There are 2 protein chains.
Amino acid sequence: MIMKPIDGEFIDELNRLIFRRTNRKKRYEEDPDNAWNCCSWCEYLLIVILSTILLVGVLVLTLFWVMFYRDGFAWSESPKQQFNLHPILMIAGFVTLSGFSILIYRLCRCVKHIYVKLIHMFFHAVAIPCIALGFLAVFDSHDALQKVNFYSLHSWLGLVTMGMFVLQFVIGFFSFLVMLCCENKTYSCRSAMVPIHASLGLANFWLAIATSVTGLIEKERETVKETSVSSENKLVEHYITSAIGITLIFIGIIVTFAVRRSNAPASAKVYVTERI
Amino acid sequence: MIMKPIDGEFIDELNRLIFRRTNRKKRYEEDPDNAWNCCSWCEYLLIVILSTILLVGVLVLTLFWVMFYRDGFAWSESPKQQFNLHPILMIAGFVTLSGFSILIYRLCRCVKHIYVKLIHMFFHAVAIPCIALGFLAVFDSHDALQKVNFYSLHSWLGLVTMGMFVLQFVIGFFSFLVMLCCENKTYSCRSAMVPIHASLGLANFWLAIATSVTGLIEKERETVKETSVSSENKLVEHYITSAIGITLIFIGIIVTFAVRRSNAPASAKVYVTERI
């Protein structure tokens with residue numbers, strides 16, 4: 001019962017719908033929603049280049065900061081140097097690896113969906129030891145320096161971030177990999193979980209960024225009190241930590257922008273004529 | 001040219017598509033994607049109650065902190081008291097008003113779409129004077145105290161947040177209100193803008209939260225150095241600012257969760273039979 005004469009736009013949408021249904025198995029690779037035009041190519045390249053520069057850049061910048069302004073690393077010999085592993089490992093796990101893991105859904109457009117899922121999980125799985133070691137590093141160094149654990153706002157935010165990370169990993173693993181054993185029966189359940197997993201994942205990524213920025217500020221404020229550091233060195237360090245903070249923020253913006261859902265997919269091949 | 005026998009799920013999706021097209025004028029109010037079941041009712045109520053408590057709560061908590069631990073407000077008489085307007089006005093503008101403004105799209109489900117847009121714009125428009133005054137308050141008080149402006153990471157993040165807020169407001173105003181003057185011709189353009197505006201809006205909201213949290217930490221670290229405040233008072237103040245920070249983070253999570261896009265809309269009225 002069609003109430004009004006059907007227009008071209010409607011036919012386009014019908015075509016897409018029928019194409020998607022009749023090519024169910026290939027829906028990720030050949031879905032006309034994925035059809036590329038010049039504009040989406042430019043956007044894709046821009047996102048790939050910019051995000052790689054920012055995600056790797058923030059790690060290099062943090063490494064530079066820790067090596068040249070915080071006396072580098074050590075494990076149990078010096079608690080201060082042990083602490084230095086914390087920012088590096090947390091940014092590697094929560095920002096660089098998680099960031100690439102989220103962007104995989106945009107970057108790998110020609111890869112089978114199950115492989116994209118596996119790469120997504122792999123990146124997060126690699127992030128886990130980084131985060132665990134980063135957590136241990138700060139815990140151990142606080143114990144050695146007889147500092148109180150879980151006092152600052154940064155530590156509380158970190159705890160929420162880690163809790164949500166574990167929750168998301170477990171949910172993601174069971175919903176999108178284990179449930180695949182009976183693909184058709186779990187379709188509606190998995191489909192309902194996608195937007196929840198995606199939105200909470202994005203929230204967790206921003207939470208990690210906010211936590212990192214608070215950590216940077218707390219560390220910088222500690223240096224202000226130290227009289228052993230020259231004021232010129234303090235100023236340069238301030239610019240470096242600020243650059244790390246600003247980079248983190250731009251990473252958040254570009255990742256949120258990259259994973260937005262399309263509202264008006266590009267039209268593609270016509271499988272249905274107006275005679276339907 | 002339909003290649004395979006069509007199934008029930010496909011018919012459902014066709015129905016939704018045709019229903020949407022033939023009811024273009026009413027697509028927001030009666031769209032079957034908006035069909036409610038018990039679960040979505042519960043989620044709706046939970047989001048309304050929780051978000052209202054958190055969004056109003058964070059403002060009340062900040063007011064309490066400023067009034068009882070920071071000596072309240074004043075404009076030009078005392079620079080320190082003038083500064084106190086900054087956290088209140090910024091949290092009111094960037095978090096409480098912007099938060100409600102974003103959630104309006106979820107909360108007002110039975111209101112005409114154009115009214116939802118206008119309410120969304122109204123909330124953001126009210127946020128503008130709050131933000132402008134909050135900015136002036138800190139600028140004026142820094143000048144009076146002869147402090148350097150735009151030195152800290154917090155101030156840089158704040159600048160990015162304000163820039164993005166203005167950009168989003170201008171884009172939103174022209175794309176979704178001014179362009180309505182020739183509704184049909186600008187349909188595809190407006191439709192393409194929706195996901196960009198939505199994703200950047202969410203990024204900006206998180207950015208505002210991250211900036212607020214860094215501001216809280218900077219202020220707290222300043223107090224640590226003040227010897228005039230008793231250590232017991234400092235501890236209570238620490239718990240209050242931490243509570244504000246944690247509330248801000250939960251606001252971010254609930255808003256991101258609330259505005260997620262549905263992946264599997266509930267099926268609704270059947271307008272097309274299998275005979276099509």
# chains A, B, ... in the order shown; residues from 1 in each chain; ligands from 1
>>> select_by_dssp(residues="region 101-254 of chain A", states="alpha helix (DSSP H)", output="ChimeraX atom specification")
/A:101-107,113-144,153-176,187-225,231-254
>>> residues_around(residues="Glu218 (chain A)", least_positions_apart="6", cutoff="8 Å", atoms="only C-alpha atoms", output="number ranges by chain")
A: 154; B: 217-218, 221
>>> atom_distance(atom1="CA of Leu180 (chain B)", atom2="CA of Phe123 (chain B)")
19.8 Å
>>> residues_around(residues="region 127-132 of chain B", least_positions_apart="6", cutoff="7 Å", atoms="only C-alpha atoms", output="VMD selection string")
chain B and resid 89 to 90 92 to 94 97
>>> residues_around(residues="region 202-216 of chain A", least_positions_apart="6", cutoff="9 Å", atoms="only C-alpha atoms", output="PyMOL selection string")
(chain A and resi 87+90-91+94-95+98-99+102+153-158+160-162+164-165+168+241-242+244-246+248-249+251-252+255-256+259) or (chain B and resi 153+203+206-207+209-211+213-215+217-218+249+252-254+256-257)
>>> closest_residue(among="A:Cys39, A:Phe173, A:Cys181, A:Leu50", to="Ala125 (chain A)", atoms="only C-alpha atoms")
A:Phe173
>>> atom_distance(atom1="CA of Tyr69 (chain B)", atom2="CA of Glu237 (chain B)")
6.9 Å
>>> atom_distance(atom1="CA of Val60 (chain A)", atom2="CA of Gln81 (chain A)")
17.7 Å
>>> residues_around(residues="Asn84 (chain B)", least_positions_apart="3", cutoff="12 Å", atoms="only C-alpha atoms", output="PDB file with N, CA and C atoms, in the first residue's frame")
ATOM      1  N   THR B  62      29.138  22.521  42.668  1.00  0.00           N
ATOM      2  CA  THR B  62      30.122  23.573  42.381  1.00  0.00           C
ATOM      3  C   THR B  62      29.772  24.842  43.161  1.00  0.00           C
ATOM      4  N   LEU B  63      28.466  25.157  43.201  1.00  0.00           N
ATOM      5  CA  LEU B  63      27.998  26.333  43.943  1.00  0.00           C
ATOM      6  C   LEU B  63      28.353  26.190  45.414  1.00  0.00           C
ATOM      7  N   PHE B  64      28.115  24.996  45.951  1.00  0.00           N
ATOM      8  CA  PHE B  64      28.421  24.705  47.351  1.00  0.00           C
ATOM      9  C   PHE B  64      29.914  24.887  47.624  1.00  0.00           C
ATOM     10  N   TRP B  65      30.734  24.335  46.724  1.00  0.00           N
ATOM     11  CA  TRP B  65      32.194  24.419  46.857  1.00  0.00           C
ATOM     12  C   TRP B  65      32.649  25.879  46.870  1.00  0.00           C
ATOM     13  N   VAL B  66      32.128  26.648  45.911  1.00  0.00           N
ATOM     14  CA  VAL B  66      32.555  28.044  45.781  1.00  0.00           C
ATOM     15  C   VAL B  66      32.080  28.882  46.964  1.00  0.00           C
ATOM     16  N   MET B  67      30.840  28.635  47.410  1.00  0.00           N
ATOM     17  CA  MET B  67      30.266  29.440  48.498  1.00  0.00           C
ATOM     18  C   MET B  67      30.940  29.145  49.837  1.00  0.00           C
ATOM     19  N   PHE B  68      31.190  27.866  50.123  1.00  0.00           N
ATOM     20  CA  PHE B  68      31.663  27.505  51.462  1.00  0.00           C
ATOM     21  C   PHE B  68      33.173  27.329  51.574  1.00  0.00           C
ATOM     22  N   TYR B  69      33.840  27.091  50.455  1.00  0.00           N
ATOM     23  CA  TYR B  69      35.288  26.874  50.538  1.00  0.00           C
ATOM     24  C   TYR B  69      36.106  27.894  49.763  1.00  0.00           C
ATOM     25  N   ARG B  70      35.420  28.782  49.031  1.00  0.00           N
ATOM     26  CA  ARG B  70      36.147  29.764  48.203  1.00  0.00           C
ATOM     27  C   ARG B  70      35.636  31.195  48.416  1.00  0.00           C
ATOM     28  N   ASP B  71      34.907  31.426  49.509  1.00  0.00           N
ATOM     29  CA  ASP B  71      34.450  32.772  49.909  1.00  0.00           C
ATOM     30  C   ASP B  71      33.435  33.437  48.987  1.00  0.00           C
ATOM     31  N   GLY B  72      32.693  32.692  48.220  1.00  0.00           N
ATOM     32  CA  GLY B  72      31.584  33.253  47.441  1.00  0.00           C
ATOM     33  C   GLY B  72      31.991  34.187  46.312  1.00  0.00           C
ATOM     34  N   PHE B  73      30.992  35.003  45.874  1.00  0.00           N
ATOM     35  CA  PHE B  73      31.198  35.825  44.670  1.00  0.00           C
ATOM     36  C   PHE B  73      31.329  37.323  44.942  1.00  0.00           C
ATOM     37  N   ALA B  74      31.883  37.994  43.947  1.00  0.00           N
ATOM     38  CA  ALA B  74      31.865  39.464  43.871  1.00  0.00           C
ATOM     39  C   ALA B  74      32.320  39.785  42.460  1.00  0.00           C
ATOM     40  N   TRP B  75      32.008  41.005  41.944  1.00  0.00           N
ATOM     41  CA  TRP B  75      32.519  41.296  40.602  1.00  0.00           C
ATOM     42  C   TRP B  75      33.860  42.017  40.679  1.00  0.00           C
ATOM     43  N   SER B  76      33.882  43.340  40.748  1.00  0.00           N
ATOM     44  CA  SER B  76      35.183  44.008  40.620  1.00  0.00           C
ATOM     45  C   SER B  76      35.863  44.315  41.959  1.00  0.00           C
ATOM     46  N   SER B  78      36.732  42.249  44.611  1.00  0.00           N
ATOM     47  CA  SER B  78      37.812  41.338  44.974  1.00  0.00           C
ATOM     48  C   SER B  78      38.106  40.392  43.806  1.00  0.00           C
ATOM     49  N   PRO B  79      39.340  40.433  43.270  1.00  0.00           N
ATOM     50  CA  PRO B  79      39.661  39.562  42.127  1.00  0.00           C
ATOM     51  C   PRO B  79      39.492  38.075  42.430  1.00  0.00           C
ATOM     52  N   LYS B  80      39.782  37.684  43.685  1.00  0.00           N
ATOM     53  CA  LYS B  80      39.664  36.268  44.048  1.00  0.00           C
ATOM     54  C   LYS B  80      38.215  35.808  44.014  1.00  0.00           C
ATOM     55  N   GLN B  81      37.330  36.693  44.534  1.00  0.00           N
ATOM     56  CA  GLN B  81      35.907  36.336  44.520  1.00  0.00           C
ATOM     57  C   GLN B  81      35.331  36.427  43.106  1.00  0.00           C
ATOM     58  N   PRO B  87      34.256  29.067  37.538  1.00  0.00           N
ATOM     59  CA  PRO B  87      33.806  27.658  37.501  1.00  0.00           C
ATOM     60  C   PRO B  87      32.301  27.505  37.414  1.00  0.00           C
ATOM     61  N   ILE B  88      31.559  28.337  38.174  1.00  0.00           N
ATOM     62  CA  ILE B  88      30.099  28.234  38.166  1.00  0.00           C
ATOM     63  C   ILE B  88      29.534  28.489  36.775  1.00  0.00           C
ATOM     64  N   LEU B  89      29.944  29.610  36.167  1.00  0.00           N
ATOM     65  CA  LEU B  89      29.369  29.988  34.874  1.00  0.00           C
ATOM     66  C   LEU B  89      29.792  29.026  33.768  1.00  0.00           C
ATOM     67  N   MET B  90      31.031  28.558  33.819  1.00  0.00           N
ATOM     68  CA  MET B  90      31.489  27.638  32.782  1.00  0.00           C
ATOM     69  C   MET B  90      30.779  26.293  32.886  1.00  0.00           C
ATOM     70  N   ILE B  91      30.630  25.791  34.119  1.00  0.00           N
ATOM     71  CA  ILE B  91      29.925  24.505  34.274  1.00  0.00           C
ATOM     72  C   ILE B  91      28.450  24.663  33.906  1.00  0.00           C
ATOM     73  N   LEU B 133      30.555  35.533  30.168  1.00  0.00           N
ATOM     74  CA  LEU B 133      30.784  36.132  31.491  1.00  0.00           C
ATOM     75  C   LEU B 133      31.844  35.347  32.261  1.00  0.00           C
ATOM     76  N   GLY B 134      31.779  34.025  32.166  1.00  0.00           N
ATOM     77  CA  GLY B 134      32.765  33.172  32.832  1.00  0.00           C
ATOM     78  C   GLY B 134      34.165  33.461  32.337  1.00  0.00           C
ATOM     79  N   PHE B 135      34.279  33.682  31.031  1.00  0.00           N
ATOM     80  CA  PHE B 135      35.569  34.005  30.415  1.00  0.00           C
ATOM     81  C   PHE B 135      36.061  35.370  30.905  1.00  0.00           C
ATOM     82  N   LEU B 136      35.135  36.361  30.907  1.00  0.00           N
ATOM     83  CA  LEU B 136      35.496  37.706  31.355  1.00  0.00           C
ATOM     84  C   LEU B 136      35.929  37.708  32.818  1.00  0.00           C
ATOM     85  N   ALA B 137      35.227  36.906  33.626  1.00  0.00           N
ATOM     86  CA  ALA B 137      35.519  36.861  35.071  1.00  0.00           C
ATOM     87  C   ALA B 137      36.960  36.447  35.312  1.00  0.00           C
ATOM     88  N   VAL B 138      37.401  35.379  34.618  1.00  0.00           N
ATOM     89  CA  VAL B 138      38.764  34.895  34.854  1.00  0.00           C
ATOM     90  C   VAL B 138      39.793  35.856  34.251  1.00  0.00           C
ATOM     91  N   PHE B 139      39.442  36.457  33.115  1.00  0.00           N
ATOM     92  CA  PHE B 139      40.334  37.396  32.439  1.00  0.00           C
ATOM     93  C   PHE B 139      40.573  38.619  33.323  1.00  0.00           C
ATOM     94  N   ASP B 140      39.472  39.175  33.821  1.00  0.00           N
ATOM     95  CA  ASP B 140      39.532  40.365  34.684  1.00  0.00           C
ATOM     96  C   ASP B 140      40.310  40.091  35.968  1.00  0.00           C
ATOM     97  N   SER B 141      40.013  38.935  36.587  1.00  0.00           N
ATOM     98  CA  SER B 141      40.659  38.636  37.872  1.00  0.00           C
ATOM     99  C   SER B 141      42.152  38.371  37.670  1.00  0.00           C
ATOM    100  N   HIS B 142      42.524  37.738  36.542  1.00  0.00           N
ATOM    101  CA  HIS B 142      43.945  37.539  36.241  1.00  0.00           C
ATOM    102  C   HIS B 142      44.649  38.878  36.046  1.00  0.00           C
ATOM    103  N   GLY B 215      40.739  22.187  35.171  1.00  0.00           N
ATOM    104  CA  GLY B 215      40.587  23.417  35.962  1.00  0.00           C
ATOM    105  C   GLY B 215      40.470  23.116  37.440  1.00  0.00           C
ATOM    106  N   LEU B 216      39.666  22.093  37.764  1.00  0.00           N
ATOM    107  CA  LEU B 216      39.480  21.694  39.170  1.00  0.00           C
ATOM    108  C   LEU B 216      40.817  21.297  39.784  1.00  0.00           C
ATOM    109  N   LYS B 219      43.150  24.290  40.363  1.00  0.00           N
ATOM    110  CA  LYS B 219      42.713  25.089  41.524  1.00  0.00           C
ATOM    111  C   LYS B 219      43.099  24.378  42.814  1.00  0.00           C
TER     112      LYS B 219
END
